[in-house]
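Just below is one structure, and these are the notes that go with it.
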Amino acid sequence: MALTPYRASRVIAVSGEQIFDLVADVERYPEFLPLMQKALIVRRDASGYETQQTMALGVLIYRFRTRTELNRPHSIRVTSADWTFRRFKIDWSFTPTPEGQCRVDIILDCAIRALWLNPFGNVLVAQMGLTMVDAFATRARQLNPTSSLS
């Protein structure tokens with residue numbers, strides 16, 4: 001059974017460029033993003049990069065490759081054609097607010113290919129969705145101590 005896409009939105013008290021750069025810095029994800037064990041950029045080009053990632057939830061470990069398209073400072077799209085997934089897409093958008101903050105919207109749409117892994121994969125995706133935006137907001141506050149969530 002596939003989950004419906006997870007959607008979240010937060011206003012974060014940093015500029016759009018700052019939060020864009022934070023989300024684009026995939027190799028630092030293991031420092032602060034729950035479930036992320038490893039992220040290594042394996043190829044770069046003018047529009048983005050490809051990453052080898054490892055995520056874990058308990059003993060369940062997923063290794064997969066993603067493609068990230070950067071549209072600085074407005075949006076980031078992460079996709080995967082990896083065999084692990086029937087579909088995998090994360091869309092981030094960054095909208096400046098009049099107060100100099102940034103509204104961050106995320107849509108996470110993922111389905112595991114192996115039916116026997118679906119229950120575990122769905123738990124992993126749900127957990128990732130619940131924690132991802134908050135983890136980035138917390139990291140933004142750590143890197144910009146004068147910021148706060150609205």
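Following the order of the structure tokens, first chain is A, next is B, and so on, with residues numbered from 1 inside each chain and ligands from 1 in the order they appear.
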
With the cut-off set at 10 Å and counting only C-alpha atoms, tabulate each residue of segment 5-48 of chain A with an atom at most that distance from an atom of segment 70-88 of chain A, showing the nearest atom pair and its distance in Å to one decimal, ordered by chain and increasing number, as CSV.
residue,atom,partner,partner_atom,distance
A:Ser15,CA,A:Pro73,CA,9.7
A:Gly16,CA,A:Pro73,CA,6.3
A:Glu17,CA,A:Pro73,CA,5.4
A:Gln18,CA,A:Pro73,CA,8.8
A:Ile19,CA,A:Pro73,CA,8.8
A:Phe20,CA,A:Pro73,CA,5.9
A:Asp21,CA,A:Pro73,CA,8.1
A:Val23,CA,A:Ile76,CA,8.1
A:Ala24,CA,A:Ile76,CA,7.5
A:Ala46,CA,A:Leu70,CA,9.0
A:Ser47,CA,A:Leu70,CA,5.9
A:Gly48,CA,A:Leu70,CA,5.3

Would you please give, as an MDAnalysis selection string, all residues of chain A that DSSP assigns to strand (DSSP E or B) based on the backbone? chainID A and resid 6:12 36:45 48:57 60:71 75:79 85:96 102:112 149

Would you mind telling me which residue in A:Asn144, A:Val42, A:Ala13, A:Thr51 lies nearest to Tyr29 of chain A when using only C-alpha atoms?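 Of all the options, A:Thr51 lies closest to Tyr29 of chain A.
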
Between A:Phe64, A:Trp92, A:Phe136, A:Phe32, which is the closest to Leu108 of chain A once you count only C-alpha atoms?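 Looking at the shortest contact to Leu108 of chain A, the residue is A:Trp92.
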
Using only C-alpha atoms, which residues sit within 6 Å of Ala39 of chain A once same-chain residues fewer than 3 positions away are excluded, as JSON, numbers by chain? {"A": [27, 52, 53]}
